[in-house]
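Structure file entry01.cif (mmCIF, C-alpha atoms) is printed below.
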data_start
#
loop_
_atom_site.label_atom_id
_atom_site.label_comp_id
_atom_site.auth_asym_id
_atom_site.auth_seq_id
_atom_site.Cartn_x
_atom_site.Cartn_y
_atom_site.Cartn_z
CA MET F 1 8.34 -13.28 -19.50
CA ILE F 2 9.97 -9.90 -19.08
CA GLU F 3 10.78 -9.09 -22.69
CA ASN F 4 11.37 -5.82 -24.45
CA TYR F 5 11.16 -3.94 -21.15
CA VAL F 6 13.14 -1.00 -19.91
CA ILE F 7 14.45 -1.60 -16.42
CA LEU F 8 14.93 1.13 -13.87
CA PRO F 9 16.87 -0.33 -10.94
CA CYS F 10 17.88 1.10 -7.59
CA ASN F 11 21.43 2.33 -7.67
CA GLY F 12 22.23 1.82 -3.99
CA LEU F 13 25.83 0.74 -4.27
CA ASP F 14 26.34 1.05 -0.51
CA LYS F 15 23.62 -1.44 0.38
CA CYS F 16 23.30 -5.14 -0.30
CA ALA F 17 19.75 -4.76 -1.67
CA GLY F 18 20.95 -2.04 -4.03
CA VAL F 19 23.73 -4.21 -5.38
CA ILE F 20 21.25 -7.05 -5.91
CA SER F 21 18.94 -4.64 -7.82
CA GLY F 22 21.78 -3.73 -10.14
CA GLU F 23 22.81 -7.33 -10.72
CA LEU F 24 19.24 -8.38 -11.39
CA ALA F 25 18.89 -5.57 -13.94
CA ILE F 26 22.09 -6.69 -15.66
CA LYS F 27 20.89 -10.30 -15.83
CA LEU F 28 17.55 -9.21 -17.27
CA SER F 29 19.30 -7.01 -19.84
CA GLU F 30 21.38 -9.97 -21.02
CA ASN F 31 18.20 -11.62 -22.25
CA ALA F 32 15.23 -10.78 -24.32
CA SER F 33 15.97 -7.24 -25.52
CA ASN F 34 15.58 -5.58 -22.15
CA GLU F 35 17.36 -2.30 -21.64
CA ILE F 36 18.65 -0.68 -18.44
CA ILE F 37 18.07 2.91 -17.40
CA CYS F 38 20.93 4.23 -15.27
CA PRO F 39 19.20 6.23 -12.52
CA VAL F 40 22.23 8.43 -11.92
CA PHE F 41 22.61 9.39 -15.56
CA TYR F 42 18.83 9.78 -15.88
CA ARG F 43 18.88 12.51 -13.25
CA VAL F 44 21.37 14.61 -15.15
CA ALA F 45 20.43 13.81 -18.74
CA GLY F 46 16.88 12.63 -19.27
CA ALA F 47 16.57 12.79 -23.04
CA LYS F 48 18.35 9.51 -23.69
CA TYR F 49 15.94 7.53 -21.57
CA ASN F 50 12.66 9.46 -21.94
CA LYS F 51 12.21 8.07 -25.41
CA ILE F 52 12.82 4.39 -24.62
CA ALA F 53 10.79 4.69 -21.41
CA SER F 54 7.81 5.96 -23.39
CA GLU F 55 8.08 3.23 -26.01
CA HIS F 56 8.45 0.15 -23.79
CA PRO F 57 6.89 -1.21 -20.63
CA LEU F 58 8.83 -0.25 -17.51
CA LEU F 59 10.04 -2.56 -14.75
CA VAL F 60 11.10 -0.72 -11.58
CA ILE F 61 13.40 -2.54 -9.16
CA ASP F 62 13.59 -0.88 -5.75
CA GLY F 63 16.29 -2.06 -3.39
CA CYS F 64 14.57 -1.16 -0.14
CA GLN F 65 11.46 0.63 1.00
CA THR F 66 13.00 4.02 0.51
CA ARG F 67 11.85 3.35 -3.08
CA CYS F 68 14.32 5.67 -4.79
CA ALA F 69 13.71 4.06 -8.19
CA SER F 70 9.92 4.36 -7.85
CA LYS F 71 10.28 7.97 -6.78
CA LEU F 72 12.48 8.71 -9.78
CA ALA F 73 9.90 7.10 -12.06
CA ALA F 74 7.18 9.28 -10.50
CA GLU F 75 9.34 12.38 -10.84
CA LYS F 76 9.84 11.63 -14.52
CA ASN F 77 6.14 10.84 -15.02
CA LEU F 78 6.87 7.32 -16.20
CA LYS F 79 4.14 4.72 -16.27
CA ILE F 80 5.24 1.69 -14.27
CA SER F 81 4.20 -1.68 -15.70
CA LYS F 82 5.83 -3.89 -13.09
CA LYS F 83 7.64 -3.31 -9.89
CA LEU F 84 9.44 -5.25 -7.20
CA THR F 85 11.36 -4.51 -4.02
CA ILE F 86 14.41 -6.59 -3.20
CA THR F 87 14.02 -6.45 0.60
CA GLU F 88 10.39 -7.58 0.27
CA GLU F 89 11.35 -10.42 -2.07
CA ALA F 90 14.04 -11.50 0.41
CA LYS F 91 11.47 -11.54 3.22
CA ASN F 92 8.97 -13.48 1.14
CA HIS F 93 11.59 -16.13 0.36
CA ASN F 94 13.07 -16.25 3.88
CA ILE F 95 16.46 -15.03 2.71
CA GLU F 96 18.28 -12.81 5.15
CA LEU F 97 20.21 -9.94 3.61
CA LYS F 98 23.25 -8.71 5.49
CA ARG F 99 25.55 -5.77 4.97
CA ASN F 100 27.92 -7.35 2.45
CA LEU F 101 28.29 -5.55 -0.86
CA ARG F 102 29.65 -8.56 -2.73
CA LEU F 103 27.12 -11.07 -3.94
CA LEU F 104 27.43 -14.31 -2.01
CA GLU F 105 25.42 -17.52 -1.98
CA ASN F 106 22.26 -16.04 -0.43
CA GLU F 107 22.17 -13.03 -2.70
CA ASN F 108 22.75 -15.11 -5.85
CA ALA F 109 20.04 -17.54 -4.76
CA LEU F 110 17.60 -14.65 -4.34
CA ILE F 111 18.49 -13.29 -7.78
CA GLU F 112 17.81 -16.70 -9.33
CA ILE F 113 14.45 -17.00 -7.55
CA ILE F 114 13.37 -13.54 -8.70
CA LEU F 115 14.56 -14.20 -12.25
CA ASN F 116 12.59 -17.43 -12.40
CA GLY F 117 9.54 -15.60 -11.10
CA LEU F 118 9.88 -12.94 -13.76
CA ILE F 119 10.38 -15.50 -16.51
CA ASN F 120 7.16 -17.23 -15.51
CA THR F 121 5.36 -13.99 -14.91
CA ASP F 122 2.76 -14.50 -17.60
CA ASP F 123 1.27 -17.36 -15.62
CA LYS F 124 0.80 -15.02 -12.71
CA ILE F 125 -0.69 -12.16 -14.65
CA THR F 126 -3.68 -14.05 -15.93
CA PRO F 127 -4.90 -15.99 -12.93
CA PHE F 128 -8.30 -17.58 -12.80
CA SER F 129 -10.71 -14.80 -12.10
CA ASP F 130 -14.16 -15.61 -10.84
CA GLU F 131 -15.88 -12.29 -11.11
CA THR F 132 -19.47 -11.54 -10.08
CA LYS F 133 -21.67 -9.17 -11.98
CA PHE F 134 -22.01 -6.18 -9.69
CA VAL F 135 -24.66 -3.71 -10.72
CA TYR F 136 -23.93 -0.11 -9.89
CA ASN F 137 -26.86 2.13 -9.12
CA PHE F 138 -25.10 4.20 -6.51
CA GLU F 139 -26.56 7.42 -5.29
CA TYR F 140 -23.85 9.70 -3.95
CA ALA F 141 -23.69 12.32 -1.24
CA THR F 142 -21.14 15.03 -1.92
CA PHE F 143 -18.93 17.17 0.24
CA GLN F 144 -16.64 19.86 -1.09
CA LYS F 145 -13.64 21.58 0.39
CA ASP F 146 -11.92 24.16 -1.78
CA LYS F 147 -11.58 22.57 -5.19
CA PHE F 148 -11.77 19.01 -3.84
CA ILE F 149 -14.99 17.05 -4.12
CA PHE F 150 -15.63 14.00 -1.95
CA ARG F 151 -18.40 11.59 -2.83
CA VAL F 152 -19.70 8.73 -0.73
CA PRO F 153 -22.29 6.20 -1.92
CA LYS F 154 -25.43 6.18 0.18
CA ASN F 155 -26.55 2.67 -0.72
CA PRO F 156 -27.11 0.40 2.30
CA GLU F 157 -25.17 -2.47 0.66
CA VAL F 158 -21.99 -0.40 0.92
CA TYR F 159 -20.13 -0.66 4.21
CA PHE F 160 -17.04 1.26 5.36
CA ASN F 161 -14.24 0.91 7.85
CA GLU F 162 -12.63 3.88 9.52
CA ASN F 163 -9.56 3.28 7.36
CA ASP F 164 -11.39 4.80 4.38
CA CYS F 165 -12.05 1.57 2.52
CA TRP F 166 -15.45 0.33 1.39
CA ALA F 167 -17.09 -3.04 0.75
CA TYR F 168 -20.08 -3.42 -1.58
CA VAL F 169 -21.72 -6.61 -0.41
CA ILE F 170 -23.97 -8.81 -2.53
CA GLY F 171 -24.76 -12.25 -1.13
CA ASN F 172 -21.54 -13.91 -0.05
CA ARG F 173 -19.39 -11.68 -2.26
CA ALA F 174 -18.01 -8.20 -1.75
CA ARG F 175 -16.19 -5.78 -3.95
CA ILE F 176 -13.80 -3.58 -2.08
CA GLY F 177 -11.98 -0.35 -2.76
CA VAL F 178 -10.95 3.01 -1.33
CA THR F 179 -13.04 6.13 -0.80
CA ASP F 180 -12.67 9.55 -2.35
CA PHE F 181 -10.85 10.65 0.79
CA VAL F 182 -7.96 8.33 -0.05
CA GLN F 183 -7.70 9.15 -3.73
CA GLN F 184 -7.88 12.90 -3.11
CA ASN F 185 -5.16 12.62 -0.48
CA LEU F 186 -2.90 10.56 -2.68
CA SER F 187 -3.45 12.75 -5.71
CA ASP F 188 -2.40 11.15 -9.04
CA ILE F 189 -2.21 7.39 -8.52
CA LEU F 190 0.67 5.87 -10.45
CA TYR F 191 0.81 2.26 -9.37
CA PHE F 192 -1.41 -0.37 -7.89
CA THR F 193 -0.17 -3.58 -6.28
CA PRO F 194 -3.07 -6.06 -6.22
CA PRO F 195 -3.54 -8.86 -3.72
CA ASP F 196 -2.96 -12.40 -4.98
CA ILE F 197 -5.97 -14.26 -6.31
CA GLY F 198 -6.79 -17.00 -3.84
CA ALA F 199 -5.23 -15.14 -0.90
CA GLU F 200 -7.12 -15.45 2.38
CA ILE F 201 -7.55 -11.99 3.87
CA ASP F 202 -8.45 -11.22 7.48
CA GLN F 203 -10.73 -8.35 8.33
CA PHE F 204 -8.45 -5.30 8.54
CA GLY F 205 -5.72 -7.22 6.73
CA GLU F 206 -3.81 -5.62 3.89
CA VAL F 207 -5.37 -6.21 0.53
CA GLY F 208 -3.13 -4.33 -1.85
CA GLU F 209 -1.22 -1.11 -2.05
CA ILE F 210 -1.74 2.12 -3.97
CA GLU F 211 1.07 4.47 -4.72
CA SER F 212 1.23 8.03 -5.96
CA SER F 213 4.14 10.40 -6.31
CA LYS F 214 3.00 11.85 -3.00
CA SER F 215 2.48 8.80 -0.82
CA ILE F 216 1.71 5.13 -0.44
CA PHE F 217 -1.51 3.65 0.95
CA ASP F 218 -2.19 0.16 2.29
CA LEU F 219 -5.70 -1.00 1.63
CA ILE F 220 -7.16 -2.26 4.88
CA SER F 221 -9.83 -4.79 4.00
CA PRO F 222 -13.22 -4.08 5.59
CA VAL F 223 -14.14 -7.76 5.29
CA SER F 224 -12.54 -11.16 5.65
CA GLY F 225 -12.52 -13.69 2.85
CA LYS F 226 -10.79 -15.16 -0.16
CA VAL F 227 -9.72 -12.97 -3.08
CA VAL F 228 -11.59 -14.33 -6.10
CA SER F 229 -10.99 -11.50 -8.54
CA ILE F 230 -8.98 -8.33 -8.96
CA ASN F 231 -9.61 -5.35 -11.16
CA ASN F 232 -7.05 -6.12 -13.87
CA THR F 233 -7.78 -2.87 -15.68
CA LEU F 234 -5.99 -1.01 -12.90
CA GLU F 235 -2.68 -2.54 -13.92
CA GLN F 236 -2.71 -0.41 -17.05
CA LYS F 237 -5.00 2.35 -15.79
CA PRO F 238 -4.44 2.97 -12.07
CA GLU F 239 -5.84 6.46 -12.63
CA LEU F 240 -9.33 4.89 -12.62
CA ILE F 241 -9.02 4.92 -8.82
CA ASN F 242 -8.82 8.71 -9.02
CA GLU F 243 -11.61 8.94 -11.55
CA ASN F 244 -14.13 6.79 -9.70
CA PRO F 245 -12.87 4.75 -6.74
CA TYR F 246 -16.29 3.21 -6.14
CA GLU F 247 -17.07 1.89 -9.59
CA SER F 248 -14.44 1.55 -12.33
CA GLY F 249 -11.70 1.92 -9.68
CA TRP F 250 -12.76 -1.04 -7.54
CA ILE F 251 -9.82 -3.08 -6.25
CA ALA F 252 -10.74 -6.68 -5.56
CA GLU F 253 -13.61 -9.07 -5.09
CA LEU F 254 -13.73 -11.35 -2.06
CA GLU F 255 -15.73 -14.43 -1.23
CA LEU F 256 -16.83 -13.62 2.29
CA ASN F 257 -15.94 -15.76 5.30
CA ASP F 258 -18.13 -14.41 8.04
CA PHE F 259 -19.74 -11.16 7.08
CA GLU F 260 -22.14 -11.19 10.03
CA SER F 261 -19.13 -11.02 12.35
CA ASP F 262 -17.23 -8.51 10.16
CA LYS F 263 -20.27 -6.24 10.14
CA GLU F 264 -19.87 -5.61 13.87
CA LEU F 265 -16.86 -3.43 13.12
CA LEU F 266 -18.14 -1.69 10.00
CA ILE F 267 -20.14 1.47 9.56
CA GLY F 268 -22.72 2.64 7.05
CA PHE F 269 -22.99 5.78 4.95
CA ASN F 270 -24.29 8.15 7.66
CA LYS F 271 -21.49 7.50 10.09
CA TYR F 272 -18.71 7.32 7.51
CA PHE F 273 -19.80 10.54 5.82
CA GLU F 274 -19.51 12.38 9.14
CA ILE F 275 -16.11 10.83 9.90
CA MET F 276 -14.83 11.65 6.45
CA LYS F 277 -16.01 15.26 6.63
CA LYS F 278 -14.17 15.64 9.91
CA LYS F 279 -11.01 14.13 8.45
CA VAL F 280 -11.21 16.51 5.50
CA GLU F 281 -11.57 19.46 7.85
CA ASP F 282 -8.70 18.29 10.07
CA PHE F 283 -6.22 17.64 7.29
CA ASN F 284 -5.04 19.68 4.41
CA VAL F 285 -5.89 17.55 1.44
CA MET G 1 -17.49 9.77 22.67
CA SER G 2 -14.40 11.95 22.62
CA LYS G 3 -13.00 13.00 19.29
CA SER G 4 -10.14 10.54 19.72
CA SER G 5 -11.97 7.28 19.20
CA PHE G 6 -11.86 4.41 16.76
CA MET G 7 -14.86 2.19 16.11
CA GLY G 8 -16.54 3.60 19.16
CA VAL G 9 -13.60 2.80 21.45
CA GLU G 10 -11.47 5.48 23.06
CA ARG G 11 -8.27 5.62 21.10
CA ASN G 12 -6.03 5.49 24.17
CA LYS G 13 -7.49 2.07 25.02
CA ILE G 14 -6.28 0.60 21.73
CA ASP G 15 -2.67 -0.52 21.60
CA TRP G 16 -1.63 0.41 18.06
CA LYS G 17 1.53 2.35 17.44
CA PRO G 18 4.89 1.87 15.78
CA THR G 19 7.84 0.60 17.78
CA ILE G 20 11.24 1.80 16.70
CA ASP G 21 14.09 -0.71 16.59
CA TYR G 22 17.01 1.57 17.36
CA SER G 23 19.54 -1.06 16.31
CA ARG G 24 18.22 -0.69 12.76
CA CYS G 25 17.05 2.94 12.60
CA ASP G 26 19.52 5.15 10.75
CA TYR G 27 17.65 8.38 11.51
CA CYS G 28 16.85 9.08 7.88
CA MET G 29 13.59 10.58 9.23
CA GLU G 30 11.59 9.41 6.20
CA CYS G 31 8.84 8.26 8.60
CA THR G 32 8.44 11.73 10.10
CA LYS G 33 8.21 13.27 6.64
CA PHE G 34 5.75 10.60 5.55
CA CYS G 35 3.31 10.43 8.50
CA PRO G 36 0.78 13.28 8.37
CA HIS G 37 -0.44 12.50 11.89
CA LYS G 38 2.65 13.69 13.76
CA VAL G 39 3.14 10.33 15.47
CA PHE G 40 6.92 10.75 15.49
CA GLU G 41 9.07 13.49 16.92
CA VAL G 42 12.61 14.36 15.91
CA LYS G 43 14.95 15.12 18.82
CA GLU G 44 17.85 16.92 17.28
CA ASN G 45 21.11 17.02 19.23
CA GLU G 46 20.05 14.11 21.45
CA GLU G 47 21.45 10.62 21.44
CA ILE G 48 18.09 9.10 20.50
CA GLN G 49 17.00 11.39 17.71
CA LEU G 50 13.58 9.92 16.98
CA ILE G 51 10.75 8.93 19.30
CA VAL G 52 7.07 7.98 19.08
CA ARG G 53 5.62 11.16 20.57
CA ASN G 54 1.89 10.78 19.85
CA PRO G 55 1.00 7.07 19.76
CA ASP G 56 -2.74 7.80 19.86
CA ASN G 57 -2.49 9.82 16.67
CA CYS G 58 -1.46 6.65 14.84
CA VAL G 59 -4.28 5.39 12.60
CA VAL G 60 -5.33 1.99 13.90
CA PHE G 61 -4.29 -0.77 11.42
CA CYS G 62 -2.17 1.63 9.34
CA ARG G 63 1.38 0.36 8.88
CA ALA G 64 2.33 2.58 5.99
CA CYS G 65 5.36 4.14 7.73
CA SER G 66 6.91 0.70 8.13
CA LYS G 67 6.49 0.21 4.38
CA ILE G 68 8.58 3.24 3.54
CA CYS G 69 11.21 2.53 6.21
CA GLY G 70 14.41 1.62 4.33
CA PRO G 71 16.19 -0.13 7.23
CA ASP G 72 12.96 -1.91 8.30
CA ALA G 73 13.13 -0.46 11.80
CA LEU G 74 9.40 -0.04 12.51
CA SER G 75 7.06 -2.74 13.77
CA PHE G 76 3.43 -2.86 14.86
CA PRO G 77 1.31 -4.98 17.23
CA ASP G 78 -0.49 -8.09 16.02
CA LYS G 79 -3.53 -6.95 14.05
CA ASN G 80 -5.77 -9.85 15.02
CA ALA G 81 -5.08 -9.34 18.71
CA THR G 82 -5.91 -5.65 18.32
CA THR G 83 -9.16 -6.45 16.48
CA GLN G 84 -10.11 -8.91 19.17
CA ARG G 85 -9.40 -6.37 21.90
CA ILE G 86 -11.54 -3.74 20.16
CA LYS G 87 -14.41 -6.23 19.97
CA GLU G 88 -14.05 -7.04 23.66
CA ILE G 89 -14.06 -3.39 24.68
CA ARG G 90 -17.12 -2.75 22.53
CA LYS G 91 -18.91 -5.65 24.22
CA GLU G 92 -17.97 -4.27 27.64
CA LEU G 93 -19.27 -0.86 26.63
CA ALA G 94 -22.51 -2.36 25.31
CA GLY G 95 -22.93 -4.26 28.57
CA ASN G 96 -22.54 -1.04 30.54
CA ASP G 97 -25.22 0.78 28.58
#
If you took the structure in this file and wrote it as structure tokens, what would it be?
Amino acid sequence: MIENYVILPCNGLDKCAGVISGELAIKLSENASNEIICPVFYRVAGAKYNKIASEHPLLVIDGCQTRCASKLAAEKNLKISKKLTITEEAKNHNIELKRNLRLLENENALIEIILNGLINTDDKITPFSDETKFVYNFEYATFQKDKFIFRVPKNPEVYFNENDCWAYVIGNRARIGVTDFVQQNLSDILYFTPPDIGAEIDQFGEVGEIESSKSIFDLISPVSGKVVSINNTLEQKPELINENPYESGWIAELELNDFESDKELLIGFNKYFEIMKKKVEDFNV
Amino acid sequence: MSKSSFMGVERNKIDWKPTIDYSRCDYCMECTKFCPHKVFEVKENEEIQLIVRNPDNCVVFCRACSKICGPDALSFPDKNATTQRIKEIRKELAGND
């Protein structure tokens, strides 16, 4: 249940998704002591909202992928507890949004669906998690450019794809996450969208999203399998991905489908370290 | 292997790039600001103001620009078909060795 939250909605009054964001925020504020932050007023006079935003969990409602509300939260250094995007929700529920600015049947139906989801949110937050005990005895190789340090584990059980994600494989399970290259590029990570527990992920499928004030990164899974566990700590402490993306900042655990086949398109430490060094040299981190 | 390769396959043999739906694109240019790989090019003062200039710069399997596209105007090829094609090319290359 969304209760005692502050809600920062999109304020896109010229777009259907923006209007839905606003209406959803109003409905949530009518119940359960939730309070709305007006993004327009917040830009010109922050003091009123800084206090309540620091005292309560924050729900950000973006209208579309331009993510104005998320960007405002990042600008104001707010910690986001929950977040949703109206256009994504519409897609997920097969509801087509048009250009109308008045709420009609479709838009009201979507609002109801999202509200119901938020009311039952506790059930979703604590899914069954079947976590394996992964022992970390990683030995790291290090590469430095300017003040930025990039580490890569040398252990043979850790595999990489060229999309800068790793898989630490033990038996038929793998923990996955991002490499130092990703976290250094993103800079301070503010929000992590985990995959759903139980989701079947293809090799190179998306397995979550990491967001910083600077950018957004899709995690491209090195392996195929079923998500059996996610790193719940990241919900409150996404900065662990910056601190140690290989250990405390792991993302998810998968039960592997066909690792022998996946392995064909993965690389080990030696190759990835060379690729990463080249990427670091080519790009300004 | 040339510098432009992905998983041992020459990048220009892999079909992975964004396609712009001009009926949706509103030329906000967020994608050009977002993508560090210079995949897009802005054509100021022309009727079509945005094109995919460097498709081979696009990181295979990355769809991040479509995620930040407000009007949802960017699409990508089917990932599984691309994966399959990469595997086939790698087999061909192995066979030629």
Residues of chain G within 10 Å of chain F, counting only C-alpha atoms - could you list those as a PDB file with C-alpha atoms, in the frame of the given file?
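Contents of result_21.pdb, as written:
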ATOM      1  CA  LYS G   3     -13.000  13.000  19.290  1.00  0.00           C
ATOM      2  CA  PHE G   6     -11.860   4.410  16.760  1.00  0.00           C
ATOM      3  CA  MET G   7     -14.860   2.190  16.110  1.00  0.00           C
ATOM      4  CA  GLY G   8     -16.540   3.600  19.160  1.00  0.00           C
ATOM      5  CA  CYS G  28      16.850   9.080   7.880  1.00  0.00           C
ATOM      6  CA  GLU G  30      11.590   9.410   6.200  1.00  0.00           C
ATOM      7  CA  PHE G  34       5.750  10.600   5.550  1.00  0.00           C
ATOM      8  CA  CYS G  35       3.310  10.430   8.500  1.00  0.00           C
ATOM      9  CA  PRO G  36       0.780  13.280   8.370  1.00  0.00           C
ATOM     10  CA  HIS G  37      -0.440  12.500  11.890  1.00  0.00           C
ATOM     11  CA  VAL G  59      -4.280   5.390  12.600  1.00  0.00           C
ATOM     12  CA  VAL G  60      -5.330   1.990  13.900  1.00  0.00           C
ATOM     13  CA  PHE G  61      -4.290  -0.770  11.420  1.00  0.00           C
ATOM     14  CA  CYS G  62      -2.170   1.630   9.340  1.00  0.00           C
ATOM     15  CA  ARG G  63       1.380   0.360   8.880  1.00  0.00           C
ATOM     16  CA  ALA G  64       2.330   2.580   5.990  1.00  0.00           C
ATOM     17  CA  CYS G  65       5.360   4.140   7.730  1.00  0.00           C
ATOM     18  CA  SER G  66       6.910   0.700   8.130  1.00  0.00           C
ATOM     19  CA  LYS G  67       6.490   0.210   4.380  1.00  0.00           C
ATOM     20  CA  ILE G  68       8.580   3.240   3.540  1.00  0.00           C
ATOM     21  CA  CYS G  69      11.210   2.530   6.210  1.00  0.00           C
ATOM     22  CA  GLY G  70      14.410   1.620   4.330  1.00  0.00           C
ATOM     23  CA  PRO G  71      16.190  -0.130   7.230  1.00  0.00           C
ATOM     24  CA  ASP G  72      12.960  -1.910   8.300  1.00  0.00           C
ATOM     25  CA  LYS G  79      -3.530  -6.950  14.050  1.00  0.00           C
ATOM     26  CA  ASN G  80      -5.770  -9.850  15.020  1.00  0.00           C
ATOM     27  CA  THR G  83      -9.160  -6.450  16.480  1.00  0.00           C
ATOM     28  CA  ILE G  86     -11.540  -3.740  20.160  1.00  0.00           C
ATOM     29  CA  LYS G  87     -14.410  -6.230  19.970  1.00  0.00           C
ATOM     30  CA  ARG G  90     -17.120  -2.750  22.530  1.00  0.00           C
TER      31      ARG G  90
END
Polymer residues at most 12 Å from (-13.3, 13.6, 6.5) by only C-alpha atoms, as a compact mmCIF listing (two decimals) with C-alpha atoms, in the frame of the given file:
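Written out: result.txt:
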# COMPACT_ATOMS: atom_id res chain seq x y z
CA THR F 142 -21.14 15.03 -1.92
CA PHE F 143 -18.93 17.17 0.24
CA GLN F 144 -16.64 19.86 -1.09
CA LYS F 145 -13.64 21.58 0.39
CA PHE F 148 -11.77 19.01 -3.84
CA ILE F 149 -14.99 17.05 -4.12
CA PHE F 150 -15.63 14.00 -1.95
CA ARG F 151 -18.40 11.59 -2.83
CA VAL F 152 -19.70 8.73 -0.73
CA GLU F 162 -12.63 3.88 9.52
CA ASN F 163 -9.56 3.28 7.36
CA ASP F 164 -11.39 4.80 4.38
CA THR F 179 -13.04 6.13 -0.80
CA ASP F 180 -12.67 9.55 -2.35
CA PHE F 181 -10.85 10.65 0.79
CA VAL F 182 -7.96 8.33 -0.05
CA GLN F 184 -7.88 12.90 -3.11
CA ASN F 185 -5.16 12.62 -0.48
CA LYS F 271 -21.49 7.50 10.09
CA TYR F 272 -18.71 7.32 7.51
CA PHE F 273 -19.80 10.54 5.82
CA GLU F 274 -19.51 12.38 9.14
CA ILE F 275 -16.11 10.83 9.90
CA MET F 276 -14.83 11.65 6.45
CA LYS F 277 -16.01 15.26 6.63
CA LYS F 278 -14.17 15.64 9.91
CA LYS F 279 -11.01 14.13 8.45
CA VAL F 280 -11.21 16.51 5.50
CA GLU F 281 -11.57 19.46 7.85
CA ASP F 282 -8.70 18.29 10.07
CA PHE F 283 -6.22 17.64 7.29
CA ASN F 284 -5.04 19.68 4.41
CA VAL F 285 -5.89 17.55 1.44
**Message:** What's around range 17-21 of chain F at 7 Å? Count only C-alpha atoms, leave out sequence neighbours fewer than 5 positions away in its own chain, and write the answer as a PyMOL selection string.
**Reply:** chain F and resi 9-12+61-64+86-87+101+107
Suppose we keep C-alpha atoms; can you now write the selection as a CSV table (one decimal), in the coordinates of the input?
chain,number,residue,atom,x,y,z
F,9,PRO,CA,16.9,-0.3,-10.9
F,10,CYS,CA,17.9,1.1,-7.6
F,11,ASN,CA,21.4,2.3,-7.7
F,12,GLY,CA,22.2,1.8,-4.0
F,61,ILE,CA,13.4,-2.5,-9.2
F,62,ASP,CA,13.6,-0.9,-5.8
F,63,GLY,CA,16.3,-2.1,-3.4
F,64,CYS,CA,14.6,-1.2,-0.1
F,86,ILE,CA,14.4,-6.6,-3.2
F,87,THR,CA,14.0,-6.4,0.6
F,101,LEU,CA,28.3,-5.6,-0.9
F,107,GLU,CA,22.2,-13.0,-2.7
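Distance check against Ser70 in chain F using only C-alpha atoms: of F:Leu190, F:Leu103, F:Ile2, F:Val158, the minimum falls on F:Leu190.
As for CA of Arg173 in chain F and CA of Tyr246 in chain F, they are spaced 15.7 Å apart.
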